[in-house]
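Printed here is entry_27.txt (compact mmCIF, C-alpha atoms):
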```txt
# COMPACT_ATOMS: atom_id res chain seq x y z
CA MET J 10 146.72 89.47 150.59
CA LEU J 11 148.05 87.35 153.40
CA LEU J 12 149.61 88.95 156.43
CA SER J 13 151.85 85.98 157.05
CA GLN J 14 153.48 86.38 153.61
CA PHE J 15 154.35 89.91 154.53
CA LYS J 16 157.96 88.99 155.29
CA LEU J 17 159.50 91.18 157.91
CA LYS J 18 163.17 90.57 158.44
CA GLN J 19 163.37 87.41 160.54
CA MET J 20 166.53 88.58 162.25
CA MET J 21 165.66 91.65 164.21
CA SER J 22 167.52 93.38 167.02
CA VAL J 23 165.82 93.84 170.37
CA ILE J 24 165.61 97.61 169.97
CA VAL J 25 163.94 97.44 166.52
CA LEU J 26 161.44 94.84 167.72
CA THR J 27 160.69 96.93 170.82
CA LEU J 28 160.02 100.04 168.72
CA ILE J 29 157.73 98.16 166.28
CA LEU J 30 155.87 96.61 169.21
CA PHE J 31 155.52 99.92 171.01
CA ILE J 32 154.06 101.72 167.98
CA GLY J 33 151.81 98.79 167.05
CA SER J 34 150.59 98.46 170.63
CA TYR J 35 149.86 102.17 170.88
CA PHE J 36 147.50 101.99 167.89
CA ALA J 37 146.01 98.73 169.18
CA GLY J 38 145.25 100.41 172.50
CA LEU J 39 143.85 103.50 170.75
CA LEU J 40 141.50 101.48 168.51
CA GLY J 41 140.61 99.13 171.35
CA SER J 42 139.54 101.98 173.59
CA LEU J 43 137.63 103.88 170.86
CA THR J 44 135.58 100.81 170.01
CA GLY J 45 135.43 99.22 173.44
CA LEU J 46 136.88 95.93 172.23
CA GLY J 47 140.25 96.20 173.99
CA GLY J 48 143.80 96.09 172.65
CA GLY J 49 144.38 92.32 172.66
CA PHE J 50 142.45 91.92 169.43
CA VAL J 51 145.14 93.64 167.41
CA ILE J 52 148.14 92.64 169.54
CA ILE J 53 147.88 88.87 169.12
CA PRO J 54 147.59 88.93 165.28
CA LEU J 55 150.37 91.55 165.10
CA LEU J 56 152.72 89.41 167.18
CA THR J 57 151.92 86.05 165.61
CA LEU J 58 151.18 86.85 161.95
CA VAL J 59 153.48 89.79 161.28
CA LEU J 60 156.33 89.32 163.74
CA HIS J 61 156.23 85.49 163.86
CA VAL J 62 156.25 85.38 167.64
CA ASP J 63 155.12 82.09 169.20
CA ILE J 64 151.42 82.34 170.16
CA HIS J 65 152.12 81.46 173.83
CA TYR J 66 154.36 84.51 174.25
CA ALA J 67 151.77 86.60 172.39
CA ILE J 68 149.00 85.50 174.78
CA GLY J 69 151.22 86.27 177.80
CA ALA J 70 152.06 89.79 176.60
CA SER J 71 148.44 90.48 175.69
CA LEU J 72 147.23 89.41 179.18
CA VAL J 73 149.63 91.86 180.83
CA SER J 74 148.35 94.72 178.63
CA VAL J 75 144.73 93.72 179.38
CA ILE J 76 145.33 94.04 183.15
CA ALA J 77 147.01 97.45 182.70
CA THR J 78 144.25 99.01 180.59
CA SER J 79 141.28 97.58 182.46
CA SER J 80 142.69 98.59 185.86
CA GLY J 81 143.59 102.04 184.58
CA SER J 82 140.16 102.81 183.18
CA ALA J 83 138.25 101.01 185.95
CA ALA J 84 139.83 103.44 188.41
CA ALA J 85 138.07 106.34 186.68
CA TYR J 86 134.69 104.60 186.24
CA VAL J 87 134.51 103.34 189.83
CA LYS J 88 134.84 106.89 191.17
CA GLU J 89 131.91 108.05 189.01
CA GLY J 90 129.70 105.51 190.76
CA ILE J 91 128.40 103.83 187.57
CA THR J 92 130.12 100.49 188.20
CA ASN J 93 127.98 97.98 190.12
CA ILE J 94 130.61 96.59 192.49
CA ARG J 95 128.37 93.89 194.03
CA LEU J 96 127.30 92.62 190.62
CA GLY J 97 130.94 92.61 189.50
CA MET J 98 132.07 90.77 192.61
CA PHE J 99 129.35 88.13 192.27
CA LEU J 100 130.06 87.49 188.59
CA GLU J 101 133.81 87.39 189.22
CA ILE J 102 133.23 83.99 190.86
CA ALA J 103 132.27 82.73 187.40
CA THR J 104 134.91 84.62 185.38
CA THR J 105 137.87 83.75 187.63
CA ALA J 106 136.86 80.07 187.82
CA GLY J 107 136.48 80.05 184.03
CA ALA J 108 139.81 81.84 183.52
CA MET J 109 141.59 79.29 185.69
CA VAL J 110 140.13 76.43 183.66
CA GLY J 111 140.96 78.23 180.38
CA ALA J 112 144.60 78.81 181.35
CA LEU J 113 145.00 75.21 182.54
CA ILE J 114 143.61 73.62 179.38
CA ALA J 115 145.48 76.05 177.09
CA VAL J 116 148.60 73.91 177.42
CA TYR J 117 146.87 70.84 176.02
CA ILE J 118 145.16 72.53 173.08
CA PRO J 119 146.99 72.65 169.73
CA THR J 120 148.07 76.19 168.85
CA ASN J 121 146.30 76.15 165.47
CA PHE J 122 142.99 75.45 167.23
CA ILE J 123 143.65 78.43 169.53
CA ALA J 124 144.24 80.59 166.43
CA ILE J 125 140.93 79.49 164.84
CA LEU J 126 138.98 80.04 168.07
CA PHE J 127 140.59 83.47 168.36
CA GLY J 128 139.37 84.36 164.85
CA ILE J 129 135.82 83.25 165.61
CA ILE J 130 135.63 85.25 168.86
CA LEU J 131 137.08 88.22 166.97
CA ILE J 132 134.26 88.13 164.40
CA ILE J 133 131.57 87.81 167.09
CA SER J 134 133.06 90.83 168.87
CA ALA J 135 133.19 92.90 165.67
CA ILE J 136 129.50 92.23 165.05
CA MET J 137 128.72 93.04 168.68
CA SER J 138 130.48 96.40 168.43
CA LEU J 139 128.26 97.43 165.49
CA ARG J 140 124.96 96.77 167.27
CA LYS J 141 122.69 99.67 168.11
CA LYS J 142 122.76 100.29 171.82
CA ALA J 143 119.27 100.87 173.15
CA GLU J 144 119.12 101.98 176.73
CA LEU J 145 116.57 99.73 178.40
CA ILE J 146 115.85 100.01 182.06
CA ASN J 147 114.49 96.79 183.51
CA GLN J 148 112.21 97.20 186.55
CA GLU J 149 110.90 93.63 186.84
CA LYS J 150 111.49 92.01 190.20
CA ASN J 151 113.75 88.96 190.39
CA LEU J 152 114.00 86.98 193.65
CA LEU J 153 117.64 85.89 193.23
CA ALA J 154 118.76 89.38 192.17
CA GLU J 155 117.12 90.81 195.29
CA LYS J 156 118.69 88.20 197.59
CA LEU J 157 122.13 88.97 196.11
CA LYS J 158 121.50 92.75 196.32
CA LEU J 159 122.34 93.15 192.62
CA ASN J 160 119.69 95.78 191.85
CA SER J 161 121.12 99.28 192.01
CA SER J 162 121.02 102.73 190.47
CA PHE J 163 123.35 104.84 188.38
CA PRO J 164 123.78 108.61 188.12
CA THR J 165 122.48 110.48 185.03
CA ALA J 166 121.98 114.16 184.19
CA ASN J 167 118.38 113.83 185.47
CA GLY J 168 119.32 112.21 188.76
CA PRO J 169 119.85 108.55 189.74
CA VAL J 170 118.01 105.87 187.73
CA ASN J 171 117.06 102.60 189.43
CA TYR J 172 117.37 99.30 187.60
CA SER J 173 116.76 95.62 188.30
CA VAL J 174 118.72 92.58 187.14
CA LYS J 175 117.10 89.69 185.23
CA ASN J 176 118.09 86.06 184.66
CA VAL J 177 120.94 85.88 187.17
CA GLY J 178 121.64 82.18 186.50
CA GLY J 179 121.88 82.63 182.73
CA GLY J 180 124.22 85.59 183.08
CA PHE J 181 126.40 83.68 185.54
CA PHE J 182 126.70 80.76 183.13
CA MET J 183 127.63 83.06 180.22
CA MET J 184 130.32 84.66 182.44
CA LEU J 185 131.81 81.24 183.08
CA PHE J 186 132.18 80.87 179.32
CA ALA J 187 133.62 84.40 178.97
CA GLY J 188 136.18 83.48 181.66
CA VAL J 189 137.28 80.32 179.84
CA ILE J 190 137.73 82.27 176.59
CA SER J 191 139.70 84.98 178.40
CA GLY J 192 142.00 82.40 180.02
CA LEU J 193 142.44 80.45 176.81
CA LEU J 194 143.12 83.36 174.44
CA GLY J 195 144.65 86.00 176.71
CA ILE J 196 142.08 88.65 175.89
CA GLY J 197 139.66 90.53 178.16
CA SER J 198 136.64 89.06 176.31
CA GLY J 199 134.80 92.25 177.21
CA ALA J 200 132.38 91.72 174.31
CA LEU J 201 131.18 88.42 175.82
CA LYS J 202 130.86 89.97 179.26
CA VAL J 203 128.78 92.84 177.92
CA LEU J 204 126.68 90.34 175.94
CA ALA J 205 125.96 88.43 179.15
CA MET J 206 124.99 91.55 181.06
CA ASP J 207 123.17 93.41 178.24
CA THR J 208 121.12 90.76 176.53
CA ILE J 209 120.73 88.15 179.25
CA MET J 210 120.65 90.14 182.48
CA ARG J 211 119.09 93.31 180.96
CA ILE J 212 121.48 95.70 182.66
CA PRO J 213 121.66 99.29 181.33
CA PHE J 214 124.46 99.67 178.77
CA LYS J 215 126.47 102.20 180.77
CA VAL J 216 126.51 99.94 183.82
CA SER J 217 127.33 96.77 181.87
CA THR J 218 130.29 98.34 180.03
CA THR J 219 131.88 99.78 183.16
CA THR J 220 131.19 96.71 185.31
CA SER J 221 132.61 94.42 182.60
CA ASN J 222 135.72 96.58 182.49
CA PHE J 223 135.95 96.36 186.29
CA MET J 224 135.88 92.54 186.12
CA ILE J 225 138.38 92.14 183.27
CA GLY J 226 141.42 92.91 185.46
CA VAL J 227 140.63 90.24 188.06
CA THR J 228 139.71 87.71 185.37
CA ALA J 229 142.98 88.30 183.52
CA ALA J 230 144.95 88.13 186.80
CA ALA J 231 143.44 84.71 187.58
CA SER J 232 144.88 83.26 184.36
CA ALA J 233 148.03 85.42 184.40
CA VAL J 234 149.23 83.66 187.58
CA VAL J 235 149.14 80.37 185.64
CA TYR J 236 150.80 81.80 182.52
CA PHE J 237 153.51 83.45 184.60
CA GLN J 238 154.53 80.17 186.20
CA ARG J 239 154.49 78.41 182.85
CA GLY J 240 157.00 80.92 181.46
CA TYR J 241 154.57 82.46 178.94
CA ILE J 242 155.10 86.00 180.16
CA ASP J 243 158.32 87.31 178.66
CA PRO J 244 159.49 90.68 180.06
CA GLY J 245 161.17 91.79 176.82
CA LEU J 246 157.92 91.42 174.86
CA SER J 247 155.48 92.47 177.59
CA MET J 248 157.27 95.75 178.33
CA PRO J 249 156.59 97.60 175.02
CA VAL J 250 153.18 95.94 174.63
CA ALA J 251 151.88 96.93 178.07
CA ILE J 252 153.22 100.50 177.92
CA GLY J 253 152.05 101.00 174.32
CA VAL J 254 148.54 99.67 174.84
CA LEU J 255 148.05 101.64 178.05
CA LEU J 256 149.17 104.94 176.46
CA GLY J 257 147.02 104.23 173.40
CA ALA J 258 143.99 103.53 175.58
CA LEU J 259 144.57 106.78 177.50
CA SER J 260 144.69 108.78 174.23
CA GLY J 261 141.57 106.95 173.09
CA SER J 262 139.61 107.94 176.19
CA LYS J 263 140.66 111.58 175.69
CA ILE J 264 139.45 111.54 172.06
CA LEU J 265 136.20 109.88 173.09
CA VAL J 266 135.40 112.76 175.42
CA HIS J 267 135.88 115.33 172.65
CA THR J 268 134.08 113.69 169.75
CA ASN J 269 130.75 111.97 169.50
CA SER J 270 131.06 110.80 165.91
CA SER J 271 132.73 107.46 166.48
CA GLY J 272 130.15 105.75 164.26
CA TRP J 273 132.35 105.54 161.16
CA LEU J 274 135.28 104.49 163.33
CA ARG J 275 133.36 101.44 164.49
CA TRP J 276 132.91 100.41 160.87
CA VAL J 277 136.59 100.87 160.09
CA PHE J 278 137.51 98.80 163.10
CA ALA J 279 134.97 96.10 162.29
CA VAL J 280 136.51 95.74 158.82
CA VAL J 281 140.07 95.64 160.22
CA VAL J 282 139.08 93.11 162.86
CA THR J 283 137.30 90.86 160.34
CA PHE J 284 140.38 90.98 158.11
CA LEU J 285 142.60 89.93 161.04
CA ALA J 286 140.11 87.24 162.06
CA VAL J 287 140.12 85.66 158.60
CA GLN J 288 143.95 85.67 158.64
CA MET J 289 144.05 83.94 162.03
CA ILE J 290 141.51 81.31 160.97
CA TYR J 291 143.26 80.68 157.63
CA ASN J 292 146.69 80.33 159.24
CA GLY J 293 145.17 78.09 161.90
CA PHE J 294 143.74 75.78 159.26
CA ILE J 295 146.93 75.47 157.24
CA GLY J 296 148.80 74.92 160.51
CA LYS J 297 151.14 77.88 160.20
CA ILE J 298 150.47 79.09 163.74
CA MET T 146 122.01 106.38 204.84
CA ASN T 147 125.09 105.10 206.62
CA LYS T 148 125.30 102.20 204.13
CA THR T 149 125.40 104.38 201.00
CA PHE T 150 128.11 106.48 202.59
CA ARG T 151 130.23 103.38 203.09
CA ASP T 152 129.63 102.23 199.51
CA THR T 153 130.95 105.48 198.03
CA ASP T 154 133.85 105.25 200.46
CA MET T 155 134.72 101.83 199.13
CA GLN T 156 134.52 103.13 195.56
CA ALA T 157 137.01 105.87 196.35
CA VAL T 158 139.45 103.43 197.97
CA ILE T 159 139.18 100.94 195.08
CA GLY T 160 139.72 103.68 192.50
CA TRP T 161 142.75 104.89 194.39
CA ILE T 162 144.31 101.40 194.68
CA LEU T 163 143.85 100.67 190.97
CA ARG T 164 145.35 104.00 189.94
CA LEU T 165 148.33 103.68 192.28
CA GLY T 166 148.98 100.06 191.29
CA VAL T 167 148.99 100.82 187.56
CA LEU T 168 151.12 103.95 187.97
CA LEU T 169 153.70 102.25 190.18
CA SER T 170 154.00 99.04 188.18
CA MET T 171 154.20 100.83 184.84
CA SER T 172 156.97 103.10 186.16
CA ILE T 173 158.95 100.03 187.31
CA ILE T 174 158.38 98.34 183.92
CA PHE T 175 159.54 101.51 182.14
CA ILE T 176 162.74 101.82 184.21
CA GLY T 177 163.52 98.12 183.71
CA GLY T 178 162.86 98.54 180.00
CA ILE T 179 165.37 101.38 179.68
CA ILE T 180 168.07 99.31 181.41
CA TYR T 181 167.23 96.25 179.29
CA LEU T 182 167.40 98.20 176.02
CA TYR T 183 170.61 99.93 177.07
CA ARG T 184 172.31 96.62 177.84
CA HIS T 185 170.75 94.30 175.27
CA GLY T 186 169.34 96.59 172.57
CA HIS T 187 171.53 95.17 169.80
CA VAL T 188 171.12 91.50 170.58
CA THR T 189 169.04 89.58 168.00
CA ALA T 190 165.51 88.97 169.24
CA ASP T 191 164.18 85.42 168.89
CA TYR T 192 160.64 84.61 169.91
CA HIS T 193 159.86 82.31 167.02
CA THR T 194 159.76 79.11 169.04
CA PHE T 195 158.52 78.78 172.60
CA LYS T 196 161.30 78.13 175.10
CA GLY T 197 159.76 79.56 178.27
CA VAL T 198 161.63 82.34 180.04
CA PRO T 199 165.10 82.31 181.67
CA ASP T 200 165.28 81.47 185.39
CA PHE T 201 166.18 84.99 186.50
CA VAL T 202 162.76 86.24 185.36
CA HIS T 203 160.81 83.12 186.35
CA ASN T 204 161.05 82.47 190.09
CA THR T 205 161.11 84.79 193.07
CA ARG T 206 164.72 84.14 194.02
CA GLY T 207 165.92 84.68 190.46
CA ILE T 208 163.99 87.93 190.12
CA LEU T 209 165.27 89.25 193.48
CA ASN T 210 168.84 88.40 192.50
CA GLY T 211 168.30 90.04 189.13
CA ILE T 212 167.05 93.25 190.72
CA ILE T 213 170.09 93.44 193.01
CA THR T 214 172.43 92.92 190.06
CA PHE T 215 170.45 95.55 188.11
CA ARG T 216 169.22 93.30 185.31
CA GLY T 217 166.59 95.10 183.23
CA ARG T 218 164.36 92.11 182.55
CA ALA T 219 164.21 91.13 186.23
CA ILE T 220 163.07 94.68 187.09
CA ILE T 221 160.43 94.56 184.31
CA GLN T 222 159.21 91.21 185.64
CA ALA T 223 158.90 92.66 189.17
CA GLY T 224 156.73 95.44 187.70
CA ILE T 225 154.60 92.86 185.89
CA ILE T 226 154.10 90.92 189.14
CA LEU T 227 152.94 94.13 190.84
CA LEU T 228 150.60 94.80 187.90
CA ILE T 229 149.07 91.30 188.14
CA ALA T 230 148.75 91.78 191.92
CA THR T 231 146.88 95.10 191.54
CA PRO T 232 143.39 93.68 190.77
CA ILE T 233 143.94 90.95 193.39
CA ILE T 234 144.77 93.60 196.02
CA ARG T 235 141.61 95.39 194.90
CA VAL T 236 139.60 92.24 195.75
CA ILE T 237 141.25 92.05 199.20
CA PHE T 238 140.25 95.66 199.87
CA SER T 239 136.68 94.94 198.71
CA ALA T 240 136.61 92.15 201.30
CA ILE T 241 137.68 94.60 204.01
CA GLY T 242 135.00 97.03 202.81
CA PHE T 243 132.30 94.37 203.06
CA ILE T 244 133.54 93.44 206.55
CA LEU T 245 133.15 97.11 207.60
CA GLU T 246 129.63 97.11 206.12
CA LYS T 247 128.90 93.79 207.88
CA ASP T 248 127.63 92.42 204.56
CA TYR T 249 128.23 88.72 205.34
CA LEU T 250 126.95 87.44 201.99
CA TYR T 251 129.48 89.55 200.09
CA ILE T 252 132.31 88.78 202.51
CA GLY T 253 131.70 85.14 201.52
CA ILE T 254 131.55 85.92 197.79
CA THR T 255 134.76 87.98 197.90
CA VAL T 256 136.62 85.30 199.89
CA LEU T 257 135.46 82.71 197.34
CA VAL T 258 136.94 84.79 194.49
CA LEU T 259 140.23 85.04 196.40
CA LEU T 260 140.25 81.27 196.98
CA ILE T 261 139.73 80.64 193.24
CA ILE T 262 142.69 82.91 192.39
CA MET T 263 144.79 81.11 195.01
CA ALA T 264 143.81 77.72 193.56
CA SER T 265 144.79 79.02 190.12
CA MET T 266 148.17 80.09 191.48
CA LEU T 267 148.79 76.66 193.01
CA SER T 268 147.59 74.72 189.99
CA GLY T 269 149.91 76.70 187.73
CA HIS T 270 152.76 75.70 189.99
CA ALA T 271 151.96 72.01 189.70
CA GLY T 272 151.78 72.03 185.89
```
So that I can check it, write out the structure of this file as structure tokens.
Amino acid sequence: MLLSQFKLKQMMSVIVLTLILFIGSYFAGLLGSLTGLGGGFVIIPLLTLVLHVDIHYAIGASLVSVIATSSGSAAAYVKEGITNIRLGMFLEIATTAGAMVGALIAVYIPTNFIAILFGIILIISAIMSLRKKAELINQEKNLLAEKLKLNSSFPTANGPVNYSVKNVGGGFFMMLFAGVISGLLGIGSGALKVLAMDTIMRIPFKVSTTTSNFMIGVTAAASAVVYFQRGYIDPGLSMPVAIGVLLGALSGSKILVHTNSSGWLRWVFAVVVTFLAVQMIYNGFIGKI
Amino acid sequence: MNKTFRDTDMQAVIGWILRLGVLLSMSIIFIGGIIYLYRHGHVTADYHTFKGVPDFVHNTRGILNGIITFRGRAIIQAGIILLIATPIIRVIFSAIGFILEKDYLYIGITVLVLLIIMASMLSGHAG
């Protein structure tokens, strides 16, 4: 089955399109928050493959929704004191610089290549979301991490736990890449950020997820200023997408508090995401996007 | 001890700014959306080919004019600008926090992040 052959009426009134976008974005935000992948992963395929919206508009609308959800949830995490603000600030040098480069080169890259790249990043993220999360606390000393005051502690039920940061240079480099991807595709690329902090810098999972979320808003803003001036951010499209994704993410965080059995949900989402990824890659190759 | 107190202080301020920014901008976007749908709900939507956006939602003067004349999309766009500004304002407040803590290294890092965002803004303008 091909999503692009799923012919929705080409001529659609603004109100019908707004309603479809709002409902679709709500579920995108819900799934994105339950799995930690973010809403952009469903929004861009929905807009381009199903609704035949030009990919530039889709990226613009997705960026706006990314800023809304990451800022909204970062507000809650920051107050709990899990987010490592210094680490976030330091790595934001890399992500904002990368996002600027990504947004600038996006204009010169053929749209079908963007679609293929989107599919590949989607598959990587789906695999990432299925990994077992082992809580490792690194205590090794690192000179650069100490100079930059990156080592910190986070609150747990048994009192604060201290942790140290490893391989600062490697993590910084990976963040540069995450920034470029975010600027190019209009997604938060939270999966890449967590990968950089988890596997390379050995930061405890709780801290890496919340700090990544904290950085996503600034990263997206750095490329959004470029997209805005290029006319990629259309208010008519962004309005239902941003409101829908934010409300969906809020519902998702409420559900997450009440249930612990999100294991099967991750599998469902991984299958959905892989399906969408294959569609994006296929349509990219045949040049339909 | 004084330092940790300041750090939690900064966390509270940052959390507050993010929450307020999202709440305010989303309310503006919602109000603009209602006006837009009321006035243009039955127009045919066409986003199939990229044409950029109309002037009244593209530059500052157009948006200001649009708000005065009560155009829904101009109001939405103002909300979107505020939303994009929210994380940037958060960075500015982090800079102030680091100044209060006299953490010179992080004042430098925060200013660098702001300069990158500014460069991005200017480069978008040129393109």
message: Set the distance at 9 Å and use all atoms listed in the file: which residues neighbour J:Val73 once local chain neighbours fewer than 3 positions away are removed? I'd like the list as a list in words.
response: Ile68, Gly69, Ala70, Ile76, Ala77, Thr78, Gly195, Ala229, Ala230, Ala233, Ile242, Ser247, Met248, Val250 and Ala251 of chain J; Ile225, Leu228 and Ile229 of chain T
Give the centre and edge lengths of an axis-aligned box, in Å to one decimal, that holds all listed atoms of stretch 203-213 of chain J with 3 Å on each side, as lines of an AutoDock Vina configuration file.
```
center_x = 123.9
center_y = 93.7
center_z = 179.3
size_x = 15.7
size_y = 17.1
size_z = 12.7
```
Could you give me, as JSON lines, every chain T residue with an atom at most 6 Å from chain J, plus its closest atom pair and distance in Å to one decimal, counting all atoms listed in the file, rows ordered by chain then number?
```
{"residue": "T:Gln156", "atom": "CA", "partner": "J:Val87", "partner_atom": "CA", "distance": 5.7}
{"residue": "T:Ala157", "atom": "CA", "partner": "J:Lys88", "partner_atom": "CA", "distance": 5.7}
{"residue": "T:Gly160", "atom": "CA", "partner": "J:Ala84", "partner_atom": "CA", "distance": 4.1}
{"residue": "T:Leu163", "atom": "CA", "partner": "J:Ala84", "partner_atom": "CA", "distance": 5.5}
{"residue": "T:Arg164", "atom": "CA", "partner": "J:Ala84", "partner_atom": "CA", "distance": 5.8}
{"residue": "T:Gly186", "atom": "CA", "partner": "J:Ile24", "partner_atom": "CA", "distance": 4.7}
{"residue": "T:His187", "atom": "CA", "partner": "J:Ser22", "partner_atom": "CA", "distance": 5.2}
{"residue": "T:Val188", "atom": "CA", "partner": "J:Ser22", "partner_atom": "CA", "distance": 5.4}
{"residue": "T:Thr189", "atom": "CA", "partner": "J:Ser22", "partner_atom": "CA", "distance": 4.2}
{"residue": "T:Ala190", "atom": "CA", "partner": "J:Val23", "partner_atom": "CA", "distance": 5.0}
{"residue": "T:Tyr192", "atom": "CA", "partner": "J:Val62", "partner_atom": "CA", "distance": 5.0}
{"residue": "T:His193", "atom": "CA", "partner": "J:Val62", "partner_atom": "CA", "distance": 4.8}
{"residue": "T:Thr194", "atom": "CA", "partner": "J:Asp63", "partner_atom": "CA", "distance": 5.5}
{"residue": "T:Phe195", "atom": "CA", "partner": "J:Asp63", "partner_atom": "CA", "distance": 5.8}
{"residue": "T:Gly197", "atom": "CA", "partner": "J:Gly240", "partner_atom": "CA", "distance": 4.4}
{"residue": "T:Val198", "atom": "CA", "partner": "J:Gly240", "partner_atom": "CA", "distance": 5.0}
{"residue": "T:Arg218", "atom": "CA", "partner": "J:Pro244", "partner_atom": "CA", "distance": 5.7}
{"residue": "T:Ile221", "atom": "CA", "partner": "J:Pro244", "partner_atom": "CA", "distance": 5.8}
{"residue": "T:Gln222", "atom": "CA", "partner": "J:Pro244", "partner_atom": "CA", "distance": 5.6}
{"residue": "T:Ile229", "atom": "CA", "partner": "J:Ala230", "partner_atom": "CA", "distance": 5.4}
{"residue": "T:Pro232", "atom": "CA", "partner": "J:Val227", "partner_atom": "CA", "distance": 5.2}
{"residue": "T:Val258", "atom": "CA", "partner": "J:Ile102", "partner_atom": "CA", "distance": 5.3}
{"residue": "T:Ile262", "atom": "CA", "partner": "J:Ala231", "partner_atom": "CA", "distance": 5.2}
{"residue": "T:Ser265", "atom": "CA", "partner": "J:Met109", "partner_atom": "CA", "distance": 5.5}
{"residue": "T:Met266", "atom": "CA", "partner": "J:Val234", "partner_atom": "CA", "distance": 5.4}
{"residue": "T:Gly269", "atom": "CA", "partner": "J:Val235", "partner_atom": "CA", "distance": 4.3}
```
Who sits within 12 Å of J:Ile91, all atoms listed in the file, same chain under 4 positions skipped, as a PDB file with C-alpha atoms, in the coordinates of the input:
```pdb
ATOM      1  CA  ALA J  83     138.250 101.010 185.950  1.00  0.00           C
ATOM      2  CA  ALA J  84     139.830 103.440 188.410  1.00  0.00           C
ATOM      3  CA  ALA J  85     138.070 106.340 186.680  1.00  0.00           C
ATOM      4  CA  TYR J  86     134.690 104.600 186.240  1.00  0.00           C
ATOM      5  CA  VAL J  87     134.510 103.340 189.830  1.00  0.00           C
ATOM      6  CA  ARG J  95     128.370  93.890 194.030  1.00  0.00           C
ATOM      7  CA  LEU J  96     127.300  92.620 190.620  1.00  0.00           C
ATOM      8  CA  GLY J  97     130.940  92.610 189.500  1.00  0.00           C
ATOM      9  CA  SER J 161     121.120  99.280 192.010  1.00  0.00           C
ATOM     10  CA  SER J 162     121.020 102.730 190.470  1.00  0.00           C
ATOM     11  CA  PHE J 163     123.350 104.840 188.380  1.00  0.00           C
ATOM     12  CA  PRO J 164     123.780 108.610 188.120  1.00  0.00           C
ATOM     13  CA  THR J 165     122.480 110.480 185.030  1.00  0.00           C
ATOM     14  CA  PRO J 169     119.850 108.550 189.740  1.00  0.00           C
ATOM     15  CA  VAL J 170     118.010 105.870 187.730  1.00  0.00           C
ATOM     16  CA  ASN J 171     117.060 102.600 189.430  1.00  0.00           C
ATOM     17  CA  TYR J 172     117.370  99.300 187.600  1.00  0.00           C
ATOM     18  CA  ILE J 212     121.480  95.700 182.660  1.00  0.00           C
ATOM     19  CA  PRO J 213     121.660  99.290 181.330  1.00  0.00           C
ATOM     20  CA  PHE J 214     124.460  99.670 178.770  1.00  0.00           C
ATOM     21  CA  LYS J 215     126.470 102.200 180.770  1.00  0.00           C
ATOM     22  CA  VAL J 216     126.510  99.940 183.820  1.00  0.00           C
ATOM     23  CA  SER J 217     127.330  96.770 181.870  1.00  0.00           C
ATOM     24  CA  THR J 218     130.290  98.340 180.030  1.00  0.00           C
ATOM     25  CA  THR J 219     131.880  99.780 183.160  1.00  0.00           C
ATOM     26  CA  THR J 220     131.190  96.710 185.310  1.00  0.00           C
ATOM     27  CA  SER J 221     132.610  94.420 182.600  1.00  0.00           C
ATOM     28  CA  ASN J 222     135.720  96.580 182.490  1.00  0.00           C
ATOM     29  CA  PHE J 223     135.950  96.360 186.290  1.00  0.00           C
TER      30      PHE J 223
ATOM     31  CA  THR T 153     130.950 105.480 198.030  1.00  0.00           C
ATOM     32  CA  GLN T 156     134.520 103.130 195.560  1.00  0.00           C
TER      33      GLN T 156
END
```
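Going from atom CA of J:Val282 over to atom CA of J:Gly188, you cover 21.3 Å.
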field: Separation of atom CA of J:Lys263 from atom CA of J:Ala37, in Å and rounded to one decimal
entry: 15.4 Å
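Near (152.4, 100.5, 189.6), the residues inside the 10 Å limit, counting only C-alpha atoms, come to J:Ala77, T:Ile162, T:Leu163, T:Arg164, T:Leu165, T:Gly166, T:Val167, T:Leu168, T:Leu169, T:Ser170, T:Met171, T:Ser172, T:Ile173, T:Ile174, T:Gly224, T:Ile225, T:Ile226, T:Leu227, T:Leu228, T:Ile229, T:Ala230, T:Thr231.
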Separation of atom CA of J:Val75 from atom CA of J:Gly49, in Å and rounded to one decimal: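 Distance between the two atoms: 6.9 Å.
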- request: Would you please work out which residue, of J:Ser173, J:Ser134, J:Asn160, J:Asn292, is nearest to J:Gly41 when using only C-alpha atoms?
  value: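 Checking each of J:Ser173, J:Ser134, J:Asn160, J:Asn292 against J:Gly41, counting only C-alpha atoms, the winner is J:Ser134.
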- request: Go through T:Met155, T:Leu209, T:Leu182, T:Ile176 one by one, measure the shortest atom-to-atom distance of each to T:Leu245 using all atoms listed in the file, and give the residue with the smallest value.
  value: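 Counting all atoms listed in the file, the residue closest to T:Leu245 is T:Met155.
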Fewer than 5 positions away in the same chain doesn't count, so skip those; otherwise give me all residues within 12 Å of J:Val287, counting all atoms listed in the file, as a compact mmCIF listing (two decimals) with C-alpha atoms, in the coordinates of the input.
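Final file, out.txt:
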```txt
# COMPACT_ATOMS: atom_id res chain seq x y z
CA MET J 10 146.72 89.47 150.59
CA LEU J 11 148.05 87.35 153.40
CA LEU J 12 149.61 88.95 156.43
CA SER J 13 151.85 85.98 157.05
CA PRO J 54 147.59 88.93 165.28
CA LEU J 58 151.18 86.85 161.95
CA ALA J 124 144.24 80.59 166.43
CA ILE J 125 140.93 79.49 164.84
CA LEU J 126 138.98 80.04 168.07
CA PHE J 127 140.59 83.47 168.36
CA GLY J 128 139.37 84.36 164.85
CA ILE J 129 135.82 83.25 165.61
CA ILE J 130 135.63 85.25 168.86
CA LEU J 131 137.08 88.22 166.97
CA ILE J 132 134.26 88.13 164.40
CA VAL J 280 136.51 95.74 158.82
CA VAL J 281 140.07 95.64 160.22
CA VAL J 282 139.08 93.11 162.86
CA ASN J 292 146.69 80.33 159.24
CA GLY J 293 145.17 78.09 161.90
CA PHE J 294 143.74 75.78 159.26
```
